[in-house]
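Participant: I'm passing along model24.txt; it holds compact mmCIF, C-alpha atoms.
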```
# COMPACT_ATOMS: atom_id res chain seq x y z
CA MET Y 246 111.56 242.52 -48.50
CA THR Y 247 115.02 242.45 -50.08
CA ARG Y 248 116.54 245.25 -52.08
CA ALA Y 249 116.93 242.90 -55.07
CA LEU Y 250 113.23 242.11 -55.00
CA ARG Y 251 112.24 245.78 -54.95
CA LYS Y 252 114.65 246.38 -57.82
CA ALA Y 253 113.10 243.52 -59.79
CA ARG Y 254 109.61 244.92 -59.25
CA HIS Y 255 110.67 248.35 -60.48
CA GLY Y 256 112.34 246.74 -63.48
CA ALA Y 257 109.19 244.79 -64.34
CA VAL Y 258 106.97 247.88 -64.09
CA LEU Y 259 109.34 249.93 -66.24
CA THR Y 260 109.44 247.13 -68.82
CA PHE Y 261 105.65 247.41 -69.12
CA VAL Y 262 106.03 251.19 -69.50
CA LEU Y 263 108.63 250.73 -72.24
CA ALA Y 264 106.49 248.17 -74.10
CA GLY Y 265 103.48 250.49 -73.92
CA LEU Y 266 105.60 253.34 -75.26
CA MET Y 267 106.90 251.37 -78.25
CA CYS Y 268 103.56 249.81 -79.15
CA GLY Y 269 101.72 253.10 -78.54
CA THR Y 270 104.14 254.96 -80.80
CA PHE Y 271 103.43 252.50 -83.61
CA THR Y 272 99.67 252.91 -83.13
CA VAL Y 273 99.74 256.70 -82.79
CA ARG Y 274 101.86 257.28 -85.89
CA LEU Y 275 100.26 254.66 -88.13
CA PRO Y 276 97.82 257.22 -89.62
CA ALA Y 277 100.79 259.44 -90.53
CA LEU Y 278 102.56 256.46 -92.08
CA ALA Y 279 99.45 255.70 -94.10
CA ASP Y 280 99.29 259.32 -95.26
CA ARG Y 281 102.97 259.37 -96.24
CA LEU Y 282 102.63 256.18 -98.26
CA ARG Y 283 99.12 257.10 -99.48
CA LEU Y 284 97.64 253.86 -98.23
CA PRO Y 285 93.91 253.07 -98.43
CA GLU Y 286 92.07 251.85 -95.32
CA SER Y 287 92.35 248.26 -96.53
CA SER Y 288 96.15 248.49 -96.54
CA VAL Y 289 96.15 249.97 -93.06
CA GLY Y 290 94.03 247.04 -91.94
CA LEU Y 291 96.45 244.58 -93.53
CA THR Y 292 99.36 246.32 -91.79
CA LEU Y 293 97.65 245.85 -88.42
CA LEU Y 294 96.85 242.25 -89.36
CA SER Y 295 100.52 241.64 -90.21
CA TRP Y 296 101.51 243.00 -86.80
CA GLY Y 297 98.96 240.82 -85.03
CA ILE Y 298 99.84 237.63 -86.91
CA GLY Y 299 103.53 238.21 -86.18
CA ALA Y 300 102.76 238.62 -82.46
CA LEU Y 301 100.61 235.48 -82.38
CA LEU Y 302 103.24 233.39 -84.17
CA THR Y 303 105.89 234.35 -81.64
CA MET Y 304 103.55 233.76 -78.70
CA GLN Y 305 102.95 230.21 -79.89
CA LEU Y 306 106.73 229.61 -79.78
CA MET Y 307 107.20 231.14 -76.35
CA ARG Y 308 106.18 227.98 -74.48
CA VAL Y 309 109.36 226.29 -75.75
CA VAL Y 310 111.62 229.35 -75.57
CA LEU Y 311 110.62 230.33 -72.04
CA ALA Y 312 111.11 226.77 -70.81
CA ARG Y 313 114.68 226.94 -72.12
CA ILE Y 314 115.94 230.45 -71.31
CA GLY Y 315 113.29 231.99 -69.02
CA SER Y 316 111.63 235.40 -69.14
CA ARG Y 317 114.83 237.28 -68.31
CA GLY Y 318 116.61 235.77 -71.31
CA VAL Y 319 113.64 236.47 -73.60
CA LEU Y 320 113.43 240.13 -72.56
CA ARG Y 321 117.18 240.62 -72.85
CA ALA Y 322 117.00 239.70 -76.55
CA ALA Y 323 113.44 240.65 -77.58
CA ALA Y 324 113.13 244.17 -76.14
CA PRO Y 325 116.09 245.62 -78.12
CA LEU Y 326 114.84 243.76 -81.23
CA CYS Y 327 111.42 245.31 -80.71
CA ALA Y 328 112.99 248.79 -80.75
CA ALA Y 329 115.11 247.93 -83.81
CA SER Y 330 112.10 246.67 -85.77
CA LEU Y 331 110.26 249.90 -84.89
CA VAL Y 332 113.01 251.74 -86.79
CA LEU Y 333 112.28 249.55 -89.83
CA VAL Y 334 108.65 250.65 -89.63
CA ALA Y 335 109.71 254.31 -89.58
CA PHE Y 336 111.86 253.99 -92.72
CA ALA Y 337 109.47 251.77 -94.74
CA PRO Y 338 109.36 253.24 -98.28
CA SER Y 339 106.35 251.26 -99.54
CA PHE Y 340 103.37 249.22 -98.37
CA PRO Y 341 105.00 245.78 -98.91
CA VAL Y 342 108.04 246.84 -96.86
CA LEU Y 343 105.76 248.34 -94.20
CA ALA Y 344 103.77 245.11 -93.94
CA VAL Y 345 106.97 243.07 -93.47
CA ALA Y 346 108.35 245.59 -90.96
CA ALA Y 347 105.05 245.52 -89.04
CA ALA Y 348 105.16 241.71 -88.95
CA LEU Y 349 108.73 241.78 -87.60
CA PHE Y 350 107.73 244.39 -85.02
CA GLY Y 351 104.76 242.21 -84.05
CA MET Y 352 106.99 239.15 -83.67
CA ALA Y 353 109.41 241.01 -81.41
CA PHE Y 354 106.58 242.60 -79.46
CA GLY Y 355 104.86 239.24 -78.97
CA ALA Y 356 108.01 237.92 -77.31
CA VAL Y 357 108.27 241.05 -75.14
CA ASP Y 358 104.63 240.83 -74.11
CA VAL Y 359 104.84 237.21 -72.98
CA GLY Y 360 108.27 237.76 -71.43
CA MET Y 361 107.24 240.76 -69.35
CA ASN Y 362 104.08 239.03 -68.11
CA ALA Y 363 106.11 235.94 -67.17
CA GLN Y 364 108.65 238.16 -65.41
CA GLY Y 365 105.79 239.95 -63.64
CA SER Y 366 104.43 236.60 -62.47
CA THR Y 367 107.87 235.58 -61.19
CA VAL Y 368 108.21 238.81 -59.19
CA GLU Y 369 104.62 238.53 -57.95
CA ARG Y 370 105.18 235.01 -56.67
CA ALA Y 371 108.35 236.14 -54.94
CA TYR Y 372 106.34 238.88 -53.21
CA GLY Y 373 103.61 236.42 -52.25
CA ARG Y 374 100.81 238.91 -52.91
CA PRO Y 375 99.05 240.43 -55.97
CA ILE Y 376 101.05 243.11 -57.81
CA MET Y 377 100.30 242.27 -61.48
CA SER Y 378 97.61 244.93 -62.00
CA GLY Y 379 100.05 247.61 -60.90
CA MET Y 380 102.52 246.35 -63.49
CA HIS Y 381 99.88 246.57 -66.20
CA ALA Y 382 99.23 250.15 -65.08
CA GLY Y 383 102.75 250.75 -66.35
CA TRP Y 384 101.54 249.72 -69.81
CA CYS Y 385 98.82 252.40 -69.63
CA VAL Y 386 101.42 255.00 -68.62
CA GLY Y 387 103.57 254.04 -71.59
CA ALA Y 388 100.65 254.11 -74.05
CA ILE Y 389 99.43 257.48 -72.78
CA SER Y 390 103.00 258.83 -72.95
CA ALA Y 391 103.22 257.66 -76.56
CA GLY Y 392 100.11 259.68 -77.38
CA LEU Y 393 101.42 262.80 -75.64
CA LEU Y 394 104.83 262.48 -77.30
CA GLY Y 395 103.14 262.02 -80.67
CA THR Y 396 101.12 265.19 -80.14
CA ALA Y 397 104.27 267.07 -79.11
CA ALA Y 398 106.19 265.78 -82.15
CA ILE Y 399 103.44 267.01 -84.47
CA ALA Y 400 103.30 270.39 -82.72
CA LEU Y 401 107.09 270.76 -83.07
CA ASN Y 402 106.96 269.73 -86.76
CA LEU Y 403 109.24 266.77 -86.04
CA SER Y 404 109.20 264.39 -88.96
CA LEU Y 405 107.52 261.02 -88.61
CA THR Y 406 110.79 259.19 -89.23
CA ALA Y 407 112.69 261.29 -86.71
CA HIS Y 408 110.01 260.84 -84.03
CA ILE Y 409 109.89 257.05 -84.29
CA ALA Y 410 113.68 256.79 -84.61
CA VAL Y 411 114.20 258.84 -81.43
CA VAL Y 412 111.78 256.63 -79.48
CA ALA Y 413 113.51 253.50 -80.78
CA LEU Y 414 117.03 254.78 -80.09
CA VAL Y 415 116.09 255.66 -76.51
CA SER Y 416 114.32 252.31 -76.05
CA VAL Y 417 117.36 250.15 -76.91
CA PRO Y 418 119.64 251.25 -74.04
CA ALA Y 419 116.62 251.43 -71.72
CA ALA Y 420 115.75 247.80 -72.53
CA LEU Y 421 119.33 246.65 -71.97
CA ALA Y 422 119.49 248.48 -68.63
CA LEU Y 423 116.18 247.01 -67.48
CA SER Y 424 117.30 243.47 -68.36
CA ARG Y 425 119.84 243.72 -65.53
CA MET Y 426 117.00 244.21 -63.03
CA HIS Y 427 115.00 241.10 -63.92
CA LEU Y 428 114.80 237.92 -61.85
CA PRO Y 429 115.47 234.42 -63.18
CA ASP Y 430 112.35 232.27 -63.36
CA PRO Y 431 111.61 229.69 -60.63
CA ALA Y 432 113.55 226.47 -60.97
CA PRO Y 433 111.38 223.61 -62.33
CA GLU Y 434 110.24 221.08 -59.76
CA THR Y 435 110.71 218.00 -61.96
CA ALA Y 436 114.34 216.97 -61.60
CA GLY Y 437 116.13 215.80 -64.72
CA GLU Y 438 113.33 216.73 -67.12
CA LYS Y 439 114.48 218.51 -70.27
CA PRO Y 440 113.08 222.00 -71.08
CA SER Y 441 111.59 220.74 -74.35
CA ALA Y 442 109.68 218.03 -72.48
CA ARG Y 443 108.40 220.51 -69.90
CA SER Y 444 107.18 222.87 -72.62
CA ARG Y 445 105.24 220.06 -74.33
CA ARG Y 446 103.61 218.97 -71.08
CA ARG Y 447 99.84 219.49 -71.22
CA MET Y 448 98.74 222.60 -69.38
CA PRO Y 449 96.16 222.36 -66.60
CA GLY Y 450 92.62 223.00 -67.83
CA VAL Y 451 92.43 226.19 -65.77
CA VAL Y 452 95.11 227.77 -68.01
CA TYR Y 453 92.83 227.39 -71.06
CA LEU Y 454 89.86 228.74 -69.08
CA LEU Y 455 91.95 231.76 -68.10
CA GLY Y 456 92.99 232.09 -71.74
CA ALA Y 457 89.31 232.26 -72.67
CA VAL Y 458 88.75 234.99 -70.05
CA THR Y 459 91.73 236.89 -71.47
CA PHE Y 460 90.35 236.39 -75.00
CA ALA Y 461 87.04 238.00 -74.02
CA ALA Y 462 88.71 240.88 -72.15
CA PHE Y 463 91.12 241.62 -75.01
CA MET Y 464 88.26 241.45 -77.48
CA VAL Y 465 86.37 244.10 -75.49
CA GLU Y 466 89.50 246.28 -75.42
CA GLY Y 467 89.95 245.85 -79.17
CA VAL Y 468 86.34 246.84 -79.86
CA VAL Y 469 86.77 250.05 -77.87
CA ALA Y 470 90.16 250.90 -79.36
CA ASP Y 471 89.15 250.42 -82.99
CA TRP Y 472 85.47 251.35 -83.06
CA ASN Y 473 84.72 253.95 -80.38
CA GLY Y 474 85.61 256.89 -82.62
CA LEU Y 475 83.51 255.68 -85.53
CA TYR Y 476 80.62 254.96 -83.17
CA LEU Y 477 80.72 258.44 -81.63
CA ILE Y 478 80.93 260.14 -85.03
CA GLY Y 479 78.71 257.89 -87.16
CA THR Y 480 76.02 256.94 -84.64
CA LEU Y 481 75.92 259.84 -82.17
CA HIS Y 482 77.08 262.48 -84.68
CA ALA Y 483 79.85 263.81 -82.44
CA SER Y 484 82.50 266.15 -83.83
CA GLU Y 485 85.88 264.69 -84.68
CA ALA Y 486 87.50 266.60 -81.80
CA VAL Y 487 85.00 265.22 -79.27
CA ALA Y 488 85.25 261.70 -80.70
CA ALA Y 489 89.03 261.82 -80.24
CA LEU Y 490 88.43 261.99 -76.48
CA GLY Y 491 86.86 258.54 -76.38
CA TYR Y 492 89.99 256.40 -76.30
CA PRO Y 493 92.02 258.59 -73.88
CA VAL Y 494 89.04 258.61 -71.51
CA PHE Y 495 88.86 254.80 -71.77
CA GLU Y 496 92.62 254.51 -71.08
CA ALA Y 497 92.29 256.86 -68.10
CA GLY Y 498 89.67 254.54 -66.62
CA MET Y 499 91.99 251.57 -67.26
CA LEU Y 500 94.90 253.29 -65.53
CA ILE Y 501 92.89 254.19 -62.41
CA ALA Y 502 91.49 250.66 -62.10
CA ARG Y 503 94.87 249.00 -62.53
CA LEU Y 504 96.46 251.22 -59.91
CA ALA Y 505 93.80 250.04 -57.45
CA GLY Y 506 93.43 246.50 -58.83
CA ASP Y 507 95.92 244.72 -56.59
CA ARG Y 508 94.36 246.12 -53.41
CA LEU Y 509 90.88 245.19 -54.62
CA ARG Y 510 92.04 241.69 -55.47
CA GLY Y 511 93.60 241.30 -52.05
CA ARG Y 512 90.30 242.32 -50.44
CA TYR Y 513 87.73 240.53 -52.60
CA GLY Y 514 89.74 237.73 -54.23
CA ALA Y 515 90.50 237.19 -57.91
CA ARG Y 516 87.43 235.11 -58.69
CA GLY Y 517 85.03 237.59 -57.09
CA LEU Y 518 86.70 240.59 -58.72
CA ILE Y 519 86.75 239.03 -62.21
CA THR Y 520 83.06 238.12 -61.83
CA PHE Y 521 82.16 241.66 -60.79
CA SER Y 522 84.36 243.21 -63.49
CA GLY Y 523 82.77 241.10 -66.24
CA ALA Y 524 79.25 242.04 -65.14
CA ALA Y 525 80.24 245.72 -64.80
CA THR Y 526 81.78 245.67 -68.29
CA ALA Y 527 78.52 244.36 -69.76
CA LEU Y 528 76.52 247.02 -67.92
CA ALA Y 529 78.86 249.85 -68.91
CA PHE Y 530 78.74 248.80 -72.58
CA LEU Y 531 74.94 248.78 -72.36
CA VAL Y 532 75.14 252.41 -71.23
CA VAL Y 533 77.32 253.31 -74.22
CA ILE Y 534 75.01 251.54 -76.67
CA ALA Y 535 71.85 253.05 -75.19
CA ALA Y 536 73.31 256.54 -74.69
CA PRO Y 537 71.26 259.16 -76.55
CA VAL Y 538 74.00 261.83 -76.36
CA THR Y 539 77.77 261.92 -76.77
CA VAL Y 540 78.53 262.98 -73.20
CA ALA Y 541 76.82 259.89 -71.77
CA ALA Y 542 78.63 257.60 -74.23
CA VAL Y 543 82.05 259.08 -73.41
CA ALA Y 544 81.31 258.69 -69.70
CA GLY Y 545 80.33 255.09 -70.41
CA LEU Y 546 83.71 254.51 -72.10
CA PHE Y 547 85.41 255.66 -68.89
CA PHE Y 548 83.44 253.10 -66.89
CA ILE Y 549 84.22 250.38 -69.44
CA GLY Y 550 87.89 251.14 -68.84
CA LEU Y 551 87.38 250.93 -65.08
CA SER Y 552 85.53 247.63 -65.43
CA VAL Y 553 87.64 245.70 -67.92
CA ALA Y 554 91.10 246.91 -66.87
CA THR Y 555 91.92 244.36 -64.18
CA ILE Y 556 90.55 241.26 -65.91
CA SER Y 557 93.48 240.40 -68.19
CA PRO Y 558 96.19 241.15 -65.57
CA MET Y 559 94.44 238.89 -63.06
CA ALA Y 560 93.86 236.15 -65.62
CA LEU Y 561 97.52 236.15 -66.70
CA SER Y 562 98.65 236.28 -63.07
CA LEU Y 563 96.51 233.23 -62.25
CA ALA Y 564 97.78 231.41 -65.34
CA GLY Y 565 101.36 232.00 -64.21
CA ALA Y 566 100.53 230.66 -60.75
CA ALA Y 567 98.87 227.52 -62.14
CA THR Y 568 102.15 225.75 -62.97
CA PRO Y 569 105.62 225.59 -61.38
CA GLU Y 570 107.06 227.59 -64.29
CA PRO Y 571 104.94 230.69 -65.08
CA GLY Y 572 106.35 231.40 -68.55
CA PRO Y 573 104.84 228.61 -70.69
CA ALA Y 574 101.40 228.96 -69.04
CA ILE Y 575 101.38 232.72 -69.60
CA ALA Y 576 102.50 232.19 -73.21
CA GLN Y 577 99.52 229.87 -73.78
CA ALA Y 578 96.99 232.21 -72.14
CA SER Y 579 98.44 235.26 -73.93
CA ALA Y 580 98.25 233.59 -77.34
CA ILE Y 581 94.58 232.78 -76.79
CA GLY Y 582 93.96 236.31 -75.52
CA TYR Y 583 95.60 238.10 -78.44
CA ALA Y 584 93.43 236.14 -80.85
CA GLY Y 585 90.52 238.03 -79.27
CA LEU Y 586 92.29 241.35 -79.75
CA LEU Y 587 92.59 240.59 -83.47
CA LEU Y 588 89.18 238.97 -83.93
CA GLY Y 589 87.08 241.56 -82.09
CA PRO Y 590 87.34 244.48 -84.52
CA VAL Y 591 86.82 242.12 -87.48
CA VAL Y 592 83.63 240.64 -86.00
CA ILE Y 593 82.27 244.12 -85.26
CA GLY Y 594 83.02 245.18 -88.83
CA PHE Y 595 81.08 242.28 -90.35
CA LEU Y 596 78.13 242.66 -87.96
CA SER Y 597 77.93 246.41 -88.46
CA ALA Y 598 77.79 245.89 -92.22
CA ALA Y 599 74.99 243.34 -91.78
CA ALA Y 600 73.00 245.35 -89.21
CA SER Y 601 74.32 248.52 -87.57
CA LEU Y 602 77.35 249.53 -85.50
CA ARG Y 603 75.14 250.06 -82.45
CA ALA Y 604 73.80 246.53 -82.72
CA ALA Y 605 77.22 245.05 -83.49
CA MET Y 606 78.74 246.54 -80.33
CA GLY Y 607 76.25 244.46 -78.36
CA VAL Y 608 78.82 241.67 -78.78
CA ALA Y 609 80.84 243.36 -76.04
CA VAL Y 610 77.87 243.11 -73.67
CA VAL Y 611 77.76 239.36 -74.29
CA LEU Y 612 81.53 239.12 -73.73
CA GLY Y 613 81.22 240.84 -70.35
CA ALA Y 614 78.57 238.33 -69.31
CA VAL Y 615 80.75 235.44 -70.54
CA ILE Y 616 83.65 236.70 -68.40
CA ALA Y 617 81.40 236.83 -65.32
CA VAL Y 618 80.16 233.28 -65.89
CA ALA Y 619 83.63 231.89 -66.69
CA ALA Y 620 85.03 233.42 -63.50
CA ARG Y 621 82.58 231.41 -61.41
CA LEU Y 622 84.07 228.24 -62.94
CA LEU Y 623 87.55 229.03 -61.63
CA PRO Y 624 88.53 226.68 -58.81
CA ALA Y 625 88.96 228.56 -55.54
CA SER Y 626 92.27 226.78 -54.92
CA ARG Y 627 93.75 228.36 -58.07
CA THR Y 628 92.82 231.98 -57.32
CA GLU Y 629 95.48 232.80 -54.73
CA ILE Y 630 99.16 233.68 -55.07
CA ILE Y 631 101.38 230.85 -53.81
CA PRO Y 632 104.75 232.27 -52.73
CA LEU Y 633 107.72 230.46 -54.23
CA PRO Y 634 111.44 230.93 -53.62
CA VAL Y 635 113.01 232.71 -56.58
CA ARG Y 636 116.67 232.52 -57.52
CA SER Y 637 118.72 235.68 -57.29
CA GLY Y 638 120.96 236.97 -60.01
CA ASP Y 639 123.76 234.56 -59.12
CA GLU Y 640 121.35 231.62 -59.65
CA LYS Y 641 122.13 230.23 -56.16
CA ALA Y 642 120.92 232.37 -53.29
CA PRO Y 643 117.12 232.45 -52.94
CA LEU Y 644 115.19 235.64 -52.39
CA ARG Y 645 112.76 235.72 -49.52
CA ALA Y 646 109.15 236.43 -50.29
CA ALA Y 647 107.89 239.78 -49.14
CA ALA Y 648 105.88 239.90 -45.98
```
Spit out the file's structure as structure tokens when you get a sec.
Facilitator:
Amino acid sequence: MTRALRKARHGAVLTFVLAGLMCGTFTVRLPALADRLRLPESSVGLTLLSWGIGALLTMQLMRVVLARIGSRGVLRAAAPLCAASLVLVAFAPSFPVLAVAAALFGMAFGAVDVGMNAQGSTVERAYGRPIMSGMHAGWCVGAISAGLLGTAAIALNLSLTAHIAVVALVSVPAALALSRMHLPDPAPETAGEKPSARSRRRMPGVVYLLGAVTFAAFMVEGVVADWNGLYLIGTLHASEAVAALGYPVFEAGMLIARLAGDRLRGRYGARGLITFSGAATALAFLVVIAAPVTVAAVAGLFFIGLSVATISPMALSLAGAATPEPGPAIAQASAIGYAGLLLGPVVIGFLSAAASLRAAMGVAVVLGAVIAVAARLLPASRTEIIPLPVRSGDEKAPLRAAA
């Protein structure tokens, strides 16, 4: 294993941490922004929708952009822009400005998300073994850190604007420093083909299947993130303090699973692990829905985190390995996946209004079963990491794959 390859892996993990910190800060302080601007719940929902649409729009463009400049070039530009747009969110004086700032932040974040996953796939293929789940654990660390920093800022009476501005100002130089650690993407195999032509080339069918798996996994994550608190309070009559534990407990389960995910994948294979994880997600959500008391439901949220955590990292890893250039394939799978993250909470809202929140959350049980079934359709030949030579920083000398 070369020193440059270890450096690239550390850079990729830290990029996930940084992205989780920036996105987590936006999520954690959104209620305070809503309070400062006196926004109703509908406006908060539209702000989140603006962020999501911005991210999806950028992700759709990433197939072309990544084919031209690669994940390293995308991250070098998008990560500092993501931090800069976070500052715009902090200083938004009104709802219209906040909605525009959130959309710009979403656009920059969408590029960062696809770029860091493509970079992770490049590093993983250079290693020749699974390491993507460990990188996604970095996202959990960043998101949890955002929550802790938000709590500390409130305890220290630091203003909302100052808190977000400090995070953004620290993130810009961090992003620029990390960009020096990234690897260039693998050189395309088709000689003489223009980047625009490569980006328009039809993706293998397995990429769309993996996008569907990511869609279902992200939808489950979105249901937990947006509805667990209301479920614990409204259905199980938990106190607000107890209900606030639901999401951190879920994230803790995600972090533990992602730290172990690469070893489990190496032992049981991606297809077997995704199948098991989908079935376990359905079972864990059944526990939450059937739980008669809060303690059992919160414990169930922990096991949902354990179960669902490794699905999206494995799916994106496999998408990146399905084509000679990982970036465009990951962009396609990510765009499909983020549609689930946006659609999930909306579907639950409509179904809960028509029936009940307990019944509506049964959608997540179905999604877990769908993941398990879809995983069995994955071709065995596309569920292993194929080591590829990756260019070093001087674009000429190849890096050897790790043993």
Participant: Just the number, please: distance in Å from atom CA of Arg317 of chain Y to atom CA of His427 of chain Y, one decimal.
Facilitator: 5.8 Å
Participant: I'd like the contact shell of segment 510-516 of chain Y - 9 Å cut-off, all atoms listed in the file, skipping same-chain residues fewer than 3 positions apart - returned as a PyMOL selection string.
Facilitator: chain Y and resi 374-375+505-507+519-521+556+559-560+563+620-625+628-629
Participant: What's around Val494 of chain Y at 12 Å? Count all atoms listed in the file, leave out sequence neighbours fewer than 2 positions away in its own chain, and write the answer as a JSON list (two decimals) with C-alpha atoms, in the frame of the given file.
Facilitator:
```json
[["chain", "number", "residue", "atom", "x", "y", "z"],
["Y", 385, "CYS", "CA", 98.82, 252.40, -69.63],
["Y", 389, "ILE", "CA", 99.43, 257.48, -72.78],
["Y", 469, "VAL", "CA", 86.77, 250.05, -77.87],
["Y", 470, "ALA", "CA", 90.16, 250.90, -79.36],
["Y", 473, "ASN", "CA", 84.72, 253.95, -80.38],
["Y", 474, "GLY", "CA", 85.61, 256.89, -82.62],
["Y", 487, "VAL", "CA", 85.00, 265.22, -79.27],
["Y", 488, "ALA", "CA", 85.25, 261.70, -80.70],
["Y", 489, "ALA", "CA", 89.03, 261.82, -80.24],
["Y", 490, "LEU", "CA", 88.43, 261.99, -76.48],
["Y", 491, "GLY", "CA", 86.86, 258.54, -76.38],
["Y", 492, "TYR", "CA", 89.99, 256.40, -76.30],
["Y", 496, "GLU", "CA", 92.62, 254.51, -71.08],
["Y", 497, "ALA", "CA", 92.29, 256.86, -68.10],
["Y", 498, "GLY", "CA", 89.67, 254.54, -66.62],
["Y", 499, "MET", "CA", 91.99, 251.57, -67.26],
["Y", 500, "LEU", "CA", 94.90, 253.29, -65.53],
["Y", 501, "ILE", "CA", 92.89, 254.19, -62.41],
["Y", 540, "VAL", "CA", 78.53, 262.98, -73.20],
["Y", 542, "ALA", "CA", 78.63, 257.60, -74.23],
["Y", 543, "VAL", "CA", 82.05, 259.08, -73.41],
["Y", 544, "ALA", "CA", 81.31, 258.69, -69.70],
["Y", 545, "GLY", "CA", 80.33, 255.09, -70.41],
["Y", 546, "LEU", "CA", 83.71, 254.51, -72.10],
["Y", 547, "PHE", "CA", 85.41, 255.66, -68.89],
["Y", 548, "PHE", "CA", 83.44, 253.10, -66.89],
["Y", 549, "ILE", "CA", 84.22, 250.38, -69.44],
["Y", 550, "GLY", "CA", 87.89, 251.14, -68.84],
["Y", 551, "LEU", "CA", 87.38, 250.93, -65.08]]
```
Participant: Around the point (102.6, 253.7, -98.5), in the coordinates given by the file, pick out the residues reaching within 12 Å, counting all atoms listed in the file, and return them as an MDAnalysis selection string.
Facilitator: chainID Y and resid 275:289 292 334:344
Participant: Work out how far atom CA of Pro573 of chain Y is from atom CA of Ala323 of chain Y, in Å to one decimal.
Facilitator: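 We find that atom CA of Ala323 of chain Y and atom CA of Pro573 of chain Y lie 16.3 Å from each other.
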Participant: Just checking: using all atoms listed in the file, which residue out of Y:Ala535, Y:Val610, Y:Ala483, Y:Ile575 ends up closest to Ala312 of chain Y?
Facilitator: Y:Ile575
Participant: Would you kindly identify which residues have an atom no farther than 12 Å from (106.6, 240.7, -80.2), using all atoms listed in the file and the file's own coordinates, and write them out as a ChimeraX atom specification?
Facilitator: /Y:264,267-268,295-307,319-320,322-331,346-361,576,579-580,583
Participant: Return the single residue from Y:Val615, Y:Ala536, Y:Leu414, Y:Val368 that is closest to Met464 of chain Y, with distances computed using all atoms listed in the file.
Facilitator: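 Closest residue, counting all atoms listed in the file: Y:Val615.
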Participant: Measuring between only C-alpha atoms, which one of Y:Ile478, Y:Met606, Y:Ala619, Y:Leu393 shows the shortest distance to Ile534 of chain Y?
Facilitator: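 Looking only at the distances to Ile534 of chain Y, the closest residue turns out to be Y:Met606.
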Participant: Could segment 605-609 of chain Y be completed with all heavy atoms and returned as a PDB file, in the frame of the given file?
Facilitator:
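The new file result-v6.pdb reads:
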```pdb
ATOM      1  N   ALA Y 605      76.016 245.880 -83.484  1.00  0.00           N
ATOM      2  CA  ALA Y 605      77.220 245.050 -83.490  1.00  0.00           C
ATOM      3  C   ALA Y 605      77.976 245.162 -82.177  1.00  0.00           C
ATOM      4  O   ALA Y 605      78.533 244.175 -81.681  1.00  0.00           O
ATOM      5  CB  ALA Y 605      78.131 245.456 -84.649  1.00  0.00           C
ATOM      6  N   MET Y 606      77.994 246.347 -81.571  1.00  0.00           N
ATOM      7  CA  MET Y 606      78.740 246.540 -80.330  1.00  0.00           C
ATOM      8  C   MET Y 606      78.079 245.826 -79.159  1.00  0.00           C
ATOM      9  O   MET Y 606      78.662 245.726 -78.079  1.00  0.00           O
ATOM     10  CB  MET Y 606      78.916 248.029 -80.045  1.00  0.00           C
ATOM     11  CG  MET Y 606      79.862 248.694 -81.034  1.00  0.00           C
ATOM     12  SD  MET Y 606      80.123 250.452 -80.762  1.00  0.00           S
ATOM     13  CE  MET Y 606      81.232 250.427 -79.354  1.00  0.00           C
ATOM     14  N   GLY Y 607      76.879 245.295 -79.384  1.00  0.00           N
ATOM     15  CA  GLY Y 607      76.250 244.460 -78.360  1.00  0.00           C
ATOM     16  C   GLY Y 607      77.039 243.198 -78.086  1.00  0.00           C
ATOM     17  O   GLY Y 607      76.853 242.562 -77.037  1.00  0.00           O
ATOM     18  N   VAL Y 608      77.943 242.816 -79.006  1.00  0.00           N
ATOM     19  CA  VAL Y 608      78.820 241.670 -78.780  1.00  0.00           C
ATOM     20  C   VAL Y 608      79.619 241.854 -77.501  1.00  0.00           C
ATOM     21  O   VAL Y 608      79.846 240.907 -76.743  1.00  0.00           O
ATOM     22  CB  VAL Y 608      79.767 241.472 -79.993  1.00  0.00           C
ATOM     23  CG1 VAL Y 608      80.863 240.470 -79.667  1.00  0.00           C
ATOM     24  CG2 VAL Y 608      78.977 241.020 -81.208  1.00  0.00           C
ATOM     25  N   ALA Y 609      80.046 243.086 -77.235  1.00  0.00           N
ATOM     26  CA  ALA Y 609      80.840 243.360 -76.040  1.00  0.00           C
ATOM     27  C   ALA Y 609      80.036 243.137 -74.768  1.00  0.00           C
ATOM     28  O   ALA Y 609      80.591 242.751 -73.736  1.00  0.00           O
ATOM     29  CB  ALA Y 609      81.387 244.785 -76.080  1.00  0.00           C
TER      30      ALA Y 609
END
```
